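Peer 1: For reference, the file start-v4.pdb (PDB, C-alpha atoms, pLDDT in the B column) is included below:
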```
ATOM      1  CA  MET F  17     -85.386  18.465-191.420  1.00 49.00           C
ATOM      2  CA  SER F  18     -82.325  20.347-192.699  1.00 54.00           C
ATOM      3  CA  SER F  19     -79.250  18.596-194.051  1.00 55.00           C
ATOM      4  CA  HIS F  20     -77.157  20.474-191.456  1.00 58.00           C
ATOM      5  CA  SER F  21     -79.069  19.026-188.517  1.00 56.00           C
ATOM      6  CA  LEU F  22     -78.918  15.578-190.097  1.00 58.00           C
ATOM      7  CA  LYS F  23     -75.119  15.868-190.234  1.00 64.00           C
ATOM      8  CA  LEU F  24     -75.024  16.631-186.515  1.00 73.00           C
ATOM      9  CA  GLU F  25     -77.457  13.876-185.595  1.00 74.00           C
ATOM     10  CA  ASP F  26     -75.310  11.395-187.514  1.00 81.00           C
ATOM     11  CA  ASN F  27     -72.205  12.426-185.575  1.00 87.00           C
ATOM     12  CA  PRO F  28     -71.762   9.890-182.748  1.00 89.00           C
ATOM     13  CA  MET F  29     -69.928  12.413-180.556  1.00 91.00           C
ATOM     14  CA  LEU F  30     -72.735  14.989-180.627  1.00 90.00           C
ATOM     15  CA  GLU F  31     -75.908  13.101-181.478  1.00 89.00           C
ATOM     16  CA  ILE F  32     -77.253  12.489-177.954  1.00 91.00           C
ATOM     17  CA  ASN F  33     -77.286  16.130-176.885  1.00 91.00           C
ATOM     18  CA  VAL F  34     -78.080  17.538-180.328  1.00 90.00           C
ATOM     19  CA  LYS F  35     -81.158  15.311-180.656  1.00 90.00           C
ATOM     20  CA  VAL F  36     -82.425  16.447-177.247  1.00 92.00           C
ATOM     21  CA  TRP F  37     -82.032  20.149-178.017  1.00 92.00           C
ATOM     22  CA  LYS F  38     -83.294  19.819-181.588  1.00 90.00           C
ATOM     23  CA  TYR F  39     -86.459  18.063-180.389  1.00 90.00           C
ATOM     24  CA  LEU F  40     -87.055  20.978-178.014  1.00 90.00           C
ATOM     25  CA  SER F  41     -86.292  23.489-180.821  1.00 90.00           C
ATOM     26  CA  VAL F  42     -83.399  25.040-178.911  1.00 92.00           C
ATOM     27  CA  ILE F  43     -81.260  24.549-182.024  1.00 90.00           C
ATOM     28  CA  PHE F  44     -82.259  23.986-185.653  1.00 89.00           C
ATOM     29  CA  PRO F  45     -85.956  24.748-185.051  1.00 88.00           C
ATOM     30  CA  ASP F  46     -88.456  24.241-187.858  1.00 84.00           C
ATOM     31  CA  ARG F  47     -91.691  26.134-188.329  1.00 84.00           C
ATOM     32  CA  GLU F  48     -93.834  23.188-187.354  1.00 87.00           C
ATOM     33  CA  HIS F  49     -92.201  22.658-183.958  1.00 86.00           C
ATOM     34  CA  ALA F  50     -90.839  26.112-183.063  1.00 88.00           C
ATOM     35  CA  TRP F  51     -93.475  26.407-180.317  1.00 91.00           C
ATOM     36  CA  ARG F  52     -91.703  23.726-178.278  1.00 90.00           C
ATOM     37  CA  VAL F  53     -88.954  26.084-177.142  1.00 91.00           C
ATOM     38  CA  TYR F  54     -91.528  28.409-175.548  1.00 91.00           C
ATOM     39  CA  VAL F  55     -93.306  25.542-173.786  1.00 89.00           C
ATOM     40  CA  PHE F  56     -89.892  24.360-172.657  1.00 90.00           C
ATOM     41  CA  VAL F  57     -88.491  27.653-171.339  1.00 92.00           C
ATOM     42  CA  LEU F  58     -91.394  29.851-170.196  1.00 93.00           C
ATOM     43  CA  PRO F  59     -92.802  27.596-167.424  1.00 92.00           C
ATOM     44  CA  VAL F  60     -89.309  27.283-165.940  1.00 93.00           C
ATOM     45  CA  CYS F  61     -88.962  31.082-166.028  1.00 94.00           C
ATOM     46  CA  VAL F  62     -92.209  31.444-164.087  1.00 94.00           C
ATOM     47  CA  MET F  63     -91.140  28.812-161.549  1.00 94.00           C
ATOM     48  CA  ASN F  64     -87.754  30.455-161.093  1.00 94.00           C
ATOM     49  CA  ILE F  65     -89.393  33.832-160.359  1.00 95.00           C
ATOM     50  CA  MET F  66     -91.603  32.112-157.781  1.00 94.00           C
ATOM     51  CA  GLN F  67     -88.492  30.539-156.256  1.00 94.00           C
ATOM     52  CA  PHE F  68     -86.914  33.945-155.665  1.00 94.00           C
ATOM     53  CA  VAL F  69     -90.178  35.190-154.134  1.00 94.00           C
ATOM     54  CA  TYR F  70     -90.010  32.179-151.815  1.00 93.00           C
ATOM     55  CA  LEU F  71     -86.425  33.075-150.855  1.00 93.00           C
ATOM     56  CA  LEU F  72     -87.530  36.560-149.856  1.00 91.00           C
ATOM     57  CA  ARG F  73     -90.271  35.032-147.733  1.00 88.00           C
ATOM     58  CA  MET F  74     -87.856  32.566-146.078  1.00 84.00           C
ATOM     59  CA  TRP F  75     -85.204  35.193-145.303  1.00 84.00           C
ATOM     60  CA  GLY F  76     -83.784  34.441-141.871  1.00 75.00           C
ATOM     61  CA  ASP F  77     -84.831  30.770-141.796  1.00 79.00           C
ATOM     62  CA  LEU F  78     -81.363  29.460-142.539  1.00 79.00           C
ATOM     63  CA  ALA F  79     -81.853  25.769-143.453  1.00 80.00           C
ATOM     64  CA  PRO F  80     -84.619  26.097-146.080  1.00 82.00           C
ATOM     65  CA  PHE F  81     -83.085  29.341-147.325  1.00 88.00           C
ATOM     66  CA  ILE F  82     -79.717  27.710-148.105  1.00 89.00           C
ATOM     67  CA  LEU F  83     -81.291  24.637-149.741  1.00 86.00           C
ATOM     68  CA  ASN F  84     -83.664  26.630-151.917  1.00 90.00           C
ATOM     69  CA  THR F  85     -80.998  29.198-152.796  1.00 93.00           C
ATOM     70  CA  PHE F  86     -79.028  26.335-154.340  1.00 91.00           C
ATOM     71  CA  PHE F  87     -82.041  25.141-156.331  1.00 91.00           C
ATOM     72  CA  ALA F  88     -83.012  28.653-157.456  1.00 93.00           C
ATOM     73  CA  ALA F  89     -79.457  29.497-158.526  1.00 93.00           C
ATOM     74  CA  ALA F  90     -79.028  26.194-160.386  1.00 91.00           C
ATOM     75  CA  ILE F  91     -82.282  26.655-162.291  1.00 93.00           C
ATOM     76  CA  PHE F  92     -81.457  30.290-163.061  1.00 94.00           C
ATOM     77  CA  ASP F  93     -78.072  29.147-164.374  1.00 93.00           C
ATOM     78  CA  ALA F  94     -79.757  26.533-166.583  1.00 91.00           C
ATOM     79  CA  LEU F  95     -82.184  29.146-167.898  1.00 93.00           C
ATOM     80  CA  LEU F  96     -79.406  31.632-168.569  1.00 93.00           C
ATOM     81  CA  ARG F  97     -77.310  29.113-170.477  1.00 92.00           C
ATOM     82  CA  THR F  98     -80.259  27.917-172.543  1.00 92.00           C
ATOM     83  CA  CYS F  99     -81.341  31.464-173.373  1.00 93.00           C
ATOM     84  CA  LEU F 100     -77.791  32.377-174.418  1.00 93.00           C
ATOM     85  CA  VAL F 101     -77.758  29.418-176.800  1.00 93.00           C
ATOM     86  CA  ILE F 102     -81.141  30.454-178.222  1.00 92.00           C
ATOM     87  CA  ILE F 103     -80.074  34.097-178.631  1.00 93.00           C
ATOM     88  CA  ASN F 104     -76.774  33.080-180.263  1.00 94.00           C
ATOM     89  CA  ARG F 105     -78.298  30.113-182.080  1.00 92.00           C
ATOM     90  CA  ASP F 106     -76.729  30.867-185.475  1.00 92.00           C
ATOM     91  CA  LYS F 107     -73.207  31.059-184.060  1.00 92.00           C
ATOM     92  CA  PHE F 108     -73.721  27.958-181.929  1.00 92.00           C
ATOM     93  CA  GLU F 109     -75.074  25.944-184.857  1.00 91.00           C
ATOM     94  CA  ALA F 110     -72.191  27.096-187.065  1.00 91.00           C
ATOM     95  CA  PHE F 111     -69.715  26.019-184.395  1.00 90.00           C
ATOM     96  CA  LEU F 112     -71.326  22.578-184.135  1.00 91.00           C
ATOM     97  CA  LEU F 113     -71.201  22.166-187.905  1.00 90.00           C
ATOM     98  CA  GLU F 114     -67.523  23.171-188.001  1.00 89.00           C
ATOM     99  CA  LEU F 115     -66.733  20.610-185.301  1.00 90.00           C
ATOM    100  CA  THR F 116     -68.619  17.977-187.310  1.00 90.00           C
ATOM    101  CA  GLU F 117     -66.561  18.779-190.410  1.00 89.00           C
ATOM    102  CA  MET F 118     -63.308  18.538-188.457  1.00 88.00           C
ATOM    103  CA  TYR F 119     -64.467  15.227-186.986  1.00 89.00           C
ATOM    104  CA  ARG F 120     -65.152  13.976-190.506  1.00 88.00           C
ATOM    105  CA  ASP F 121     -61.760  15.226-191.705  1.00 85.00           C
ATOM    106  CA  ILE F 122     -60.008  13.048-189.133  1.00 85.00           C
ATOM    107  CA  GLU F 123     -62.129  10.045-190.118  1.00 82.00           C
ATOM    108  CA  ILE F 124     -61.374  10.220-193.831  1.00 81.00           C
ATOM    109  CA  SER F 125     -57.837  11.667-193.905  1.00 72.00           C
ATOM    110  CA  GLU F 126     -56.032   8.843-192.120  1.00 61.00           C
ATOM    111  CA  SER F 127     -54.421   6.232-194.348  1.00 60.00           C
ATOM    112  CA  LYS F 128     -55.073   2.512-194.000  1.00 58.00           C
ATOM    113  CA  ASP F 129     -51.598   2.051-192.562  1.00 57.00           C
ATOM    114  CA  ASP F 130     -51.908   4.933-190.113  1.00 63.00           C
ATOM    115  CA  THR F 131     -55.046   4.687-187.968  1.00 81.00           C
ATOM    116  CA  TYR F 132     -53.720   6.841-185.099  1.00 84.00           C
ATOM    117  CA  GLY F 133     -56.292   9.595-185.628  1.00 84.00           C
ATOM    118  CA  ARG F 134     -59.262   7.256-186.018  1.00 87.00           C
ATOM    119  CA  ASP F 135     -58.262   5.300-182.915  1.00 89.00           C
ATOM    120  CA  LEU F 136     -58.042   8.514-180.881  1.00 91.00           C
ATOM    121  CA  LEU F 137     -61.361   9.691-182.268  1.00 91.00           C
ATOM    122  CA  ARG F 138     -63.063   6.403-181.448  1.00 91.00           C
ATOM    123  CA  ALA F 139     -61.794   6.521-177.854  1.00 94.00           C
ATOM    124  CA  ALA F 140     -62.836  10.169-177.466  1.00 94.00           C
ATOM    125  CA  THR F 141     -66.308   9.445-178.856  1.00 93.00           C
ATOM    126  CA  THR F 142     -66.798   6.576-176.423  1.00 94.00           C
ATOM    127  CA  THR F 143     -65.775   8.816-173.517  1.00 95.00           C
ATOM    128  CA  VAL F 144     -68.069  11.650-174.610  1.00 95.00           C
ATOM    129  CA  ARG F 145     -71.074   9.367-175.004  1.00 94.00           C
ATOM    130  CA  LYS F 146     -70.508   7.894-171.547  1.00 95.00           C
ATOM    131  CA  ILE F 147     -70.299  11.392-170.052  1.00 95.00           C
ATOM    132  CA  SER F 148     -73.504  12.471-171.800  1.00 94.00           C
ATOM    133  CA  ILE F 149     -75.459   9.407-170.691  1.00 95.00           C
ATOM    134  CA  PHE F 150     -74.146   9.668-167.131  1.00 95.00           C
ATOM    135  CA  ASN F 151     -74.962  13.389-166.879  1.00 93.00           C
ATOM    136  CA  LEU F 152     -78.520  12.928-168.126  1.00 93.00           C
ATOM    137  CA  THR F 153     -79.132   9.899-165.897  1.00 94.00           C
ATOM    138  CA  ALA F 154     -77.557  11.372-162.751  1.00 92.00           C
ATOM    139  CA  SER F 155     -79.398  14.669-163.149  1.00 91.00           C
ATOM    140  CA  PHE F 156     -82.738  12.927-163.700  1.00 93.00           C
ATOM    141  CA  PHE F 157     -82.468  10.792-160.567  1.00 93.00           C
ATOM    142  CA  ASP F 158     -81.097  13.708-158.553  1.00 89.00           C
ATOM    143  CA  ILE F 159     -84.255  15.703-159.293  1.00 90.00           C
ATOM    144  CA  ILE F 160     -86.399  12.627-158.625  1.00 92.00           C
ATOM    145  CA  GLY F 161     -84.842  12.674-155.157  1.00 89.00           C
ATOM    146  CA  ALA F 162     -85.876  16.309-154.768  1.00 88.00           C
ATOM    147  CA  LEU F 163     -89.458  15.349-155.650  1.00 89.00           C
ATOM    148  CA  ILE F 164     -89.506  12.565-153.060  1.00 90.00           C
ATOM    149  CA  TYR F 165     -87.955  14.691-150.294  1.00 87.00           C
ATOM    150  CA  PRO F 166     -91.193  16.519-149.298  1.00 87.00           C
ATOM    151  CA  LEU F 167     -92.896  13.168-148.643  1.00 85.00           C
ATOM    152  CA  LEU F 168     -90.371  12.549-145.858  1.00 85.00           C
ATOM    153  CA  CYS F 169     -90.926  15.903-144.167  1.00 82.00           C
ATOM    154  CA  GLU F 170     -93.352  16.546-141.347  1.00 81.00           C
ATOM    155  CA  ASP F 171     -94.285  19.994-142.680  1.00 84.00           C
ATOM    156  CA  ARG F 172     -95.736  20.736-146.086  1.00 87.00           C
ATOM    157  CA  VAL F 173     -92.945  21.809-148.426  1.00 88.00           C
ATOM    158  CA  HIS F 174     -92.592  21.748-152.181  1.00 89.00           C
ATOM    159  CA  PRO F 175     -89.692  20.011-153.944  1.00 89.00           C
ATOM    160  CA  PHE F 176     -88.608  23.441-155.156  1.00 91.00           C
ATOM    161  CA  GLY F 177     -89.749  26.149-152.784  1.00 90.00           C
ATOM    162  CA  VAL F 178     -92.122  28.508-154.591  1.00 92.00           C
ATOM    163  CA  ALA F 179     -94.299  31.360-153.390  1.00 92.00           C
ATOM    164  CA  ILE F 180     -96.906  33.812-154.659  1.00 92.00           C
ATOM    165  CA  PRO F 181     -97.381  37.051-152.712  1.00 90.00           C
ATOM    166  CA  GLY F 182    -100.514  36.887-150.584  1.00 88.00           C
ATOM    167  CA  VAL F 183    -101.096  33.157-151.183  1.00 90.00           C
ATOM    168  CA  ASP F 184    -100.675  30.397-148.587  1.00 90.00           C
ATOM    169  CA  MET F 185     -98.781  27.774-150.569  1.00 90.00           C
ATOM    170  CA  THR F 186     -99.298  25.098-147.882  1.00 89.00           C
ATOM    171  CA  ALA F 187    -103.108  25.253-147.936  1.00 90.00           C
ATOM    172  CA  SER F 188    -105.139  22.738-149.927  1.00 88.00           C
ATOM    173  CA  PRO F 189    -105.635  22.564-152.859  1.00 91.00           C
ATOM    174  CA  ILE F 190    -102.882  25.122-153.645  1.00 92.00           C
ATOM    175  CA  TYR F 191    -100.197  22.883-152.175  1.00 92.00           C
ATOM    176  CA  GLU F 192    -101.290  19.816-154.144  1.00 92.00           C
ATOM    177  CA  ILE F 193    -101.658  21.750-157.412  1.00 93.00           C
ATOM    178  CA  PHE F 194     -98.123  23.154-157.286  1.00 92.00           C
ATOM    179  CA  TYR F 195     -96.691  19.838-156.141  1.00 92.00           C
ATOM    180  CA  ILE F 196     -98.224  18.131-159.190  1.00 93.00           C
ATOM    181  CA  LEU F 197     -97.061  20.959-161.476  1.00 91.00           C
ATOM    182  CA  GLN F 198     -93.469  20.217-160.417  1.00 91.00           C
ATOM    183  CA  PHE F 199     -93.699  16.543-161.465  1.00 90.00           C
ATOM    184  CA  PRO F 200     -92.249  17.222-164.977  1.00 90.00           C
ATOM    185  CA  THR F 201     -89.166  18.975-163.565  1.00 89.00           C
ATOM    186  CA  PRO F 202     -86.852  15.910-163.705  1.00 88.00           C
ATOM    187  CA  ILE F 203     -87.241  15.760-167.488  1.00 90.00           C
ATOM    188  CA  ILE F 204     -87.444  19.508-168.127  1.00 90.00           C
ATOM    189  CA  LEU F 205     -84.484  20.559-165.989  1.00 89.00           C
ATOM    190  CA  THR F 206     -82.339  17.606-167.070  1.00 91.00           C
ATOM    191  CA  THR F 207     -82.853  18.351-170.769  1.00 90.00           C
ATOM    192  CA  MET F 208     -82.286  22.047-170.153  1.00 87.00           C
ATOM    193  CA  TYR F 209     -79.078  21.880-168.132  1.00 88.00           C
ATOM    194  CA  MET F 210     -77.203  18.707-169.025  1.00 91.00           C
ATOM    195  CA  PRO F 211     -76.889  18.973-172.826  1.00 91.00           C
ATOM    196  CA  PHE F 212     -75.059  22.273-172.321  1.00 90.00           C
ATOM    197  CA  VAL F 213     -72.638  20.708-169.828  1.00 92.00           C
ATOM    198  CA  SER F 214     -72.111  17.591-171.932  1.00 93.00           C
ATOM    199  CA  LEU F 215     -71.608  19.509-175.178  1.00 92.00           C
ATOM    200  CA  PHE F 216     -68.882  21.671-173.684  1.00 91.00           C
ATOM    201  CA  ALA F 217     -67.218  18.553-172.288  1.00 93.00           C
ATOM    202  CA  SER F 218     -67.423  17.188-175.844  1.00 93.00           C
ATOM    203  CA  PHE F 219     -65.791  20.323-177.223  1.00 92.00           C
ATOM    204  CA  ALA F 220     -62.892  20.067-174.767  1.00 93.00           C
ATOM    205  CA  ILE F 221     -62.322  16.355-175.404  1.00 94.00           C
ATOM    206  CA  PHE F 222     -62.497  16.788-179.172  1.00 93.00           C
ATOM    207  CA  ALA F 223     -60.064  19.726-179.047  1.00 91.00           C
ATOM    208  CA  LYS F 224     -57.587  17.592-177.109  1.00 93.00           C
ATOM    209  CA  THR F 225     -57.996  14.790-179.658  1.00 92.00           C
ATOM    210  CA  ALA F 226     -57.599  17.169-182.607  1.00 91.00           C
ATOM    211  CA  LEU F 227     -54.378  18.611-181.161  1.00 91.00           C
ATOM    212  CA  LYS F 228     -52.960  15.111-180.687  1.00 91.00           C
ATOM    213  CA  VAL F 229     -53.839  14.271-184.288  1.00 89.00           C
ATOM    214  CA  LEU F 230     -52.206  17.515-185.449  1.00 88.00           C
ATOM    215  CA  GLN F 231     -49.071  16.708-183.459  1.00 88.00           C
ATOM    216  CA  HIS F 232     -48.963  13.259-185.064  1.00 86.00           C
ATOM    217  CA  ARG F 233     -49.362  14.721-188.549  1.00 83.00           C
ATOM    218  CA  MET F 234     -46.558  17.221-187.990  1.00 84.00           C
ATOM    219  CA  ASN F 235     -44.254  14.501-186.681  1.00 82.00           C
ATOM    220  CA  SER F 236     -45.060  12.428-189.766  1.00 79.00           C
ATOM    221  CA  ILE F 237     -44.121  15.117-192.292  1.00 78.00           C
ATOM    222  CA  PHE F 238     -40.418  14.319-192.262  1.00 72.00           C
ATOM    223  CA  LEU F 239     -40.633  10.601-191.474  1.00 70.00           C
ATOM    224  CA  TYR F 240     -41.143   9.449-195.046  1.00 61.00           C
ATOM    225  CA  ASN F 241     -38.017   9.723-197.186  1.00 54.00           C
ATOM    226  CA  TYR F 242     -39.950   9.394-200.437  1.00 52.00           C
ATOM    227  CA  ARG F 243     -41.672  12.729-199.872  1.00 66.00           C
ATOM    228  CA  THR F 244     -40.364  15.672-201.866  1.00 75.00           C
ATOM    229  CA  GLU F 245     -39.991  19.136-200.414  1.00 75.00           C
ATOM    230  CA  GLU F 246     -43.195  20.120-202.219  1.00 78.00           C
ATOM    231  CA  HIS F 247     -45.071  17.307-200.477  1.00 78.00           C
ATOM    232  CA  GLN F 248     -43.591  18.296-197.146  1.00 78.00           C
ATOM    233  CA  PHE F 249     -44.507  21.946-197.682  1.00 81.00           C
ATOM    234  CA  ALA F 250     -48.074  20.990-198.646  1.00 82.00           C
ATOM    235  CA  ALA F 251     -48.389  18.782-195.556  1.00 80.00           C
ATOM    236  CA  LEU F 252     -47.040  21.544-193.311  1.00 83.00           C
ATOM    237  CA  THR F 253     -49.448  24.057-194.856  1.00 87.00           C
ATOM    238  CA  ALA F 254     -52.340  21.632-194.232  1.00 83.00           C
ATOM    239  CA  CYS F 255     -51.261  21.327-190.580  1.00 84.00           C
ATOM    240  CA  ILE F 256     -51.173  25.113-190.187  1.00 86.00           C
ATOM    241  CA  THR F 257     -54.641  25.394-191.739  1.00 87.00           C
ATOM    242  CA  TYR F 258     -55.972  22.682-189.476  1.00 83.00           C
ATOM    243  CA  TYR F 259     -54.507  24.390-186.413  1.00 85.00           C
ATOM    244  CA  SER F 260     -56.121  27.686-187.408  1.00 85.00           C
ATOM    245  CA  ARG F 261     -59.486  25.889-187.517  1.00 82.00           C
ATOM    246  CA  ILE F 262     -58.911  24.499-184.018  1.00 81.00           C
ATOM    247  CA  ALA F 263     -57.764  27.838-182.610  1.00 79.00           C
ATOM    248  CA  ARG F 264     -60.693  29.709-184.161  1.00 72.00           C
TER
END
```
For this file, write the structure as structure tokens.
Peer 2:
Amino acid sequence: MSSHSLKLEDNPMLEINVKVWKYLSVIFPDREHAWRVYVFVLPVCVMNIMQFVYLLRMWGDLAPFILNTFFAAAIFDALLRTCLVIINRDKFEAFLLELTEMYRDIEISESKDDTYGRDLLRAATTTVRKISIFNLTASFFDIIGALIYPLLCEDRVHPFGVAIPGVDMTASPIYEIFYILQFPTPIILTTMYMPFVSLFASFAIFAKTALKVLQHRMNSIFLYNYRTEEHQFAALTACITYYSRIAR
């Protein structure tokens, strides 16, 4: 395990989502477990193609078409986002590491008498962790509901409508096989879609916190009479540097 990934996993603001994606080798993959990303992504790609085939078959039947269009589009969106992260993995990992360094800077740069930054950071971290846990939990149970839905229908339907040209998907044992194959979807789709959403919520909340800390630091430059002009200039330069890191 690399020291970079350990830094991220030790960051309380990022650890939940980073651990999920690292386990699946979406980010910071190692040679031993690199295969996980293919097992994670490829079956969903196949299912999504089958969903669009199903939509073509259901064209004109409004109710199932609208419902399954939503599912197909949501899964395609999750696939697209995950693939973009994988393709741009180096940039994404570098961004996460930069955020971790800035988080650490706030933790260690505040004086004992001035805990404004640490207090803001603690509140932001608590909020981010709650959002991450809620997103993962809500998504999981939402997809569980989709799995249960076919049991309440009179006709044979799959949780996520899928079709293969020339195959009757409602005939046994085809129906049962594809129903069982969709059982892992609550875990797979939740871990594919929600870390992306939660991480970008984390980025926004941290940026807001960092700007508040920067504002506080700038206000503090001229509050202490004992500071010389050199000290004030150095503090102002540090604020400008910190802002450039946020804006980048």
Peer 1: Skipping near chain neighbours, those fewer than 3 positions away, what residues fall within 9 Å of region 58-66 of chain F using only C-alpha atoms, listed as number ranges by chain?
Peer 2: F: 53-55, 69-71, 88-89, 91-92, 95, 176-180, 198, 201, 204-205
Peer 1: May I have the residues within 12 Å of Asp184 (chain F) as a VMD selection string, using all atoms listed in the file and disregarding those fewer than 3 positions away in the same chain?
Peer 2: chain F and resid 70 73 172 to 173 178 to 181 187 to 192 194
Peer 1: Would you pick out the contacts of His232 (chain F) at 12 Å or less, using all atoms listed in the file, so that residues sharing its chain but fewer than 6 positions from it are not included, and give the list as a list in words?
Peer 2: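 Answer for this query is Ile122, Glu126, Asp130, Thr131, Tyr132, Gly133, Arg134, Leu136, Thr225, Ala226, Phe238, Leu239, Ala251, Leu252 and Cys255 of chain F.
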Peer 1: Write out as an mmCIF file with C-alpha atoms, in the coordinates of the input the residues lying within 7 Å of region 42-46 of chain F, counting all atoms listed in the file and excluding same-chain residues fewer than 6 positions away.
Peer 2:
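The result, stored in out_29.cif:
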```
data_model
loop_
_atom_site.group_PDB
_atom_site.id
_atom_site.type_symbol
_atom_site.label_atom_id
_atom_site.label_comp_id
_atom_site.auth_asym_id
_atom_site.auth_seq_id
_atom_site.Cartn_x
_atom_site.Cartn_y
_atom_site.Cartn_z
ATOM 1 C CA SER F 21 -79.069 19.026 -188.517
ATOM 2 C CA VAL F 53 -88.954 26.084 -177.142
ATOM 3 C CA ILE F 102 -81.141 30.454 -178.222
ATOM 4 C CA ARG F 105 -78.298 30.113 -182.080
ATOM 5 C CA GLU F 109 -75.074 25.944 -184.857
#
```
Peer 1: CA of Leu163 (chain F) to CA of Phe86 (chain F): how many Å, to one decimal?
Peer 2: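 Taking CA of Leu163 (chain F) as the start and CA of Phe86 (chain F) as the end point, the length is 15.2 Å.
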Peer 1: Running the PyMOL selection byres ((chain F and resi 31) around 12) on this model by hand, what would come out? Give it as a JSON list (two decimals) with C-alpha atoms, keeping the file's coordinate frame.
Peer 2:
```json
[["chain", "number", "residue", "atom", "x", "y", "z"],
["F", 21, "SER", "CA", -79.07, 19.03, -188.52],
["F", 22, "LEU", "CA", -78.92, 15.58, -190.10],
["F", 23, "LYS", "CA", -75.12, 15.87, -190.23],
["F", 24, "LEU", "CA", -75.02, 16.63, -186.52],
["F", 25, "GLU", "CA", -77.46, 13.88, -185.60],
["F", 26, "ASP", "CA", -75.31, 11.40, -187.51],
["F", 27, "ASN", "CA", -72.20, 12.43, -185.58],
["F", 28, "PRO", "CA", -71.76, 9.89, -182.75],
["F", 29, "MET", "CA", -69.93, 12.41, -180.56],
["F", 30, "LEU", "CA", -72.74, 14.99, -180.63],
["F", 32, "ILE", "CA", -77.25, 12.49, -177.95],
["F", 33, "ASN", "CA", -77.29, 16.13, -176.88],
["F", 34, "VAL", "CA", -78.08, 17.54, -180.33],
["F", 35, "LYS", "CA", -81.16, 15.31, -180.66],
["F", 36, "VAL", "CA", -82.42, 16.45, -177.25],
["F", 37, "TRP", "CA", -82.03, 20.15, -178.02],
["F", 38, "LYS", "CA", -83.29, 19.82, -181.59],
["F", 39, "TYR", "CA", -86.46, 18.06, -180.39],
["F", 112, "LEU", "CA", -71.33, 22.58, -184.14],
["F", 116, "THR", "CA", -68.62, 17.98, -187.31],
["F", 141, "THR", "CA", -66.31, 9.44, -178.86],
["F", 144, "VAL", "CA", -68.07, 11.65, -174.61],
["F", 145, "ARG", "CA", -71.07, 9.37, -175.00],
["F", 148, "SER", "CA", -73.50, 12.47, -171.80],
["F", 149, "ILE", "CA", -75.46, 9.41, -170.69],
["F", 211, "PRO", "CA", -76.89, 18.97, -172.83],
["F", 214, "SER", "CA", -72.11, 17.59, -171.93],
["F", 215, "LEU", "CA", -71.61, 19.51, -175.18],
["F", 218, "SER", "CA", -67.42, 17.19, -175.84]]
```
Peer 1: Rounded to one decimal place, report the CA of Met208 (chain F)-CA of Ala94 (chain F) distance in Å.
Peer 2: 6.3 Å
Peer 1: Please determine, counting all atoms listed in the file, which residue among F:Phe111, F:Tyr259, F:Trp51, F:Phe222 has the shortest atom-to-atom distance to Ala139 (chain F).
Peer 2: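 That would be F:Phe222, the residue with the smallest distance to Ala139 (chain F).
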Peer 1: What's the separation between CA of Thr206 (chain F) and CA of Phe156 (chain F), in Å to one decimal place?
Peer 2: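 CA of Phe156 (chain F) lies at a distance of 5.8 Å from CA of Thr206 (chain F).
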Peer 1: Could you write out as AutoDock Vina command-line options the box around region 42-48 of chain F (axis-aligned, all atoms listed in the file, 8 Å on each side), with centre and edge lengths in Å to one decimal?
Peer 2:
```
--center_x -87.5 --center_y 24.7 --center_z -183.6 --size_x 28.6 --size_y 18.9 --size_z 25.4
```
Peer 1: Under the rule that all atoms listed in the file are counted, which of F:Ile82, F:Leu227, F:Ile237, F:Ile160 is the nearest residue to Ile203 (chain F)?
Peer 2: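 Under the stated criterion, the closest residue is F:Ile160.
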Peer 1: Rebuild N, CA and C atoms on region 167-176 of chain F, as a PDB file, in the frame of the given file?
Peer 2:
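result_1.pdb, written as the output of this step:
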```
ATOM      1  N   LEU F 167     -92.094  14.247-149.229  1.00 85.00           N
ATOM      2  CA  LEU F 167     -92.896  13.168-148.643  1.00 85.00           C
ATOM      3  C   LEU F 167     -92.320  12.688-147.314  1.00 85.00           C
ATOM      4  N   LEU F 168     -91.043  12.986-147.086  1.00 85.00           N
ATOM      5  CA  LEU F 168     -90.371  12.549-145.858  1.00 85.00           C
ATOM      6  C   LEU F 168     -90.370  13.628-144.782  1.00 85.00           C
ATOM      7  N   CYS F 169     -90.916  14.785-145.116  1.00 82.00           N
ATOM      8  CA  CYS F 169     -90.926  15.903-144.167  1.00 82.00           C
ATOM      9  C   CYS F 169     -92.242  15.937-143.383  1.00 82.00           C
ATOM     10  N   GLU F 170     -92.144  16.406-142.162  1.00 81.00           N
ATOM     11  CA  GLU F 170     -93.352  16.546-141.347  1.00 81.00           C
ATOM     12  C   GLU F 170     -94.198  17.722-141.826  1.00 81.00           C
ATOM     13  N   ASP F 171     -93.559  18.818-142.212  1.00 84.00           N
ATOM     14  CA  ASP F 171     -94.285  19.994-142.680  1.00 84.00           C
ATOM     15  C   ASP F 171     -94.516  19.904-144.182  1.00 84.00           C
ATOM     16  N   ARG F 172     -95.460  20.680-144.656  1.00 87.00           N
ATOM     17  CA  ARG F 172     -95.736  20.736-146.086  1.00 87.00           C
ATOM     18  C   ARG F 172     -94.714  21.641-146.782  1.00 87.00           C
ATOM     19  N   VAL F 173     -93.909  21.043-147.633  1.00 88.00           N
ATOM     20  CA  VAL F 173     -92.945  21.809-148.426  1.00 88.00           C
ATOM     21  C   VAL F 173     -93.002  21.299-149.853  1.00 88.00           C
ATOM     22  N   HIS F 174     -92.659  22.145-150.780  1.00 89.00           N
ATOM     23  CA  HIS F 174     -92.592  21.748-152.181  1.00 89.00           C
ATOM     24  C   HIS F 174     -91.179  21.278-152.515  1.00 89.00           C
ATOM     25  N   PRO F 175     -91.043  20.432-153.525  1.00 89.00           N
ATOM     26  CA  PRO F 175     -89.692  20.011-153.944  1.00 89.00           C
ATOM     27  C   PRO F 175     -88.779  21.206-154.206  1.00 89.00           C
ATOM     28  N   PHE F 176     -89.306  22.178-154.929  1.00 91.00           N
ATOM     29  CA  PHE F 176     -88.608  23.441-155.156  1.00 91.00           C
ATOM     30  C   PHE F 176     -89.477  24.534-154.554  1.00 91.00           C
TER      31      PHE F 176
END
```
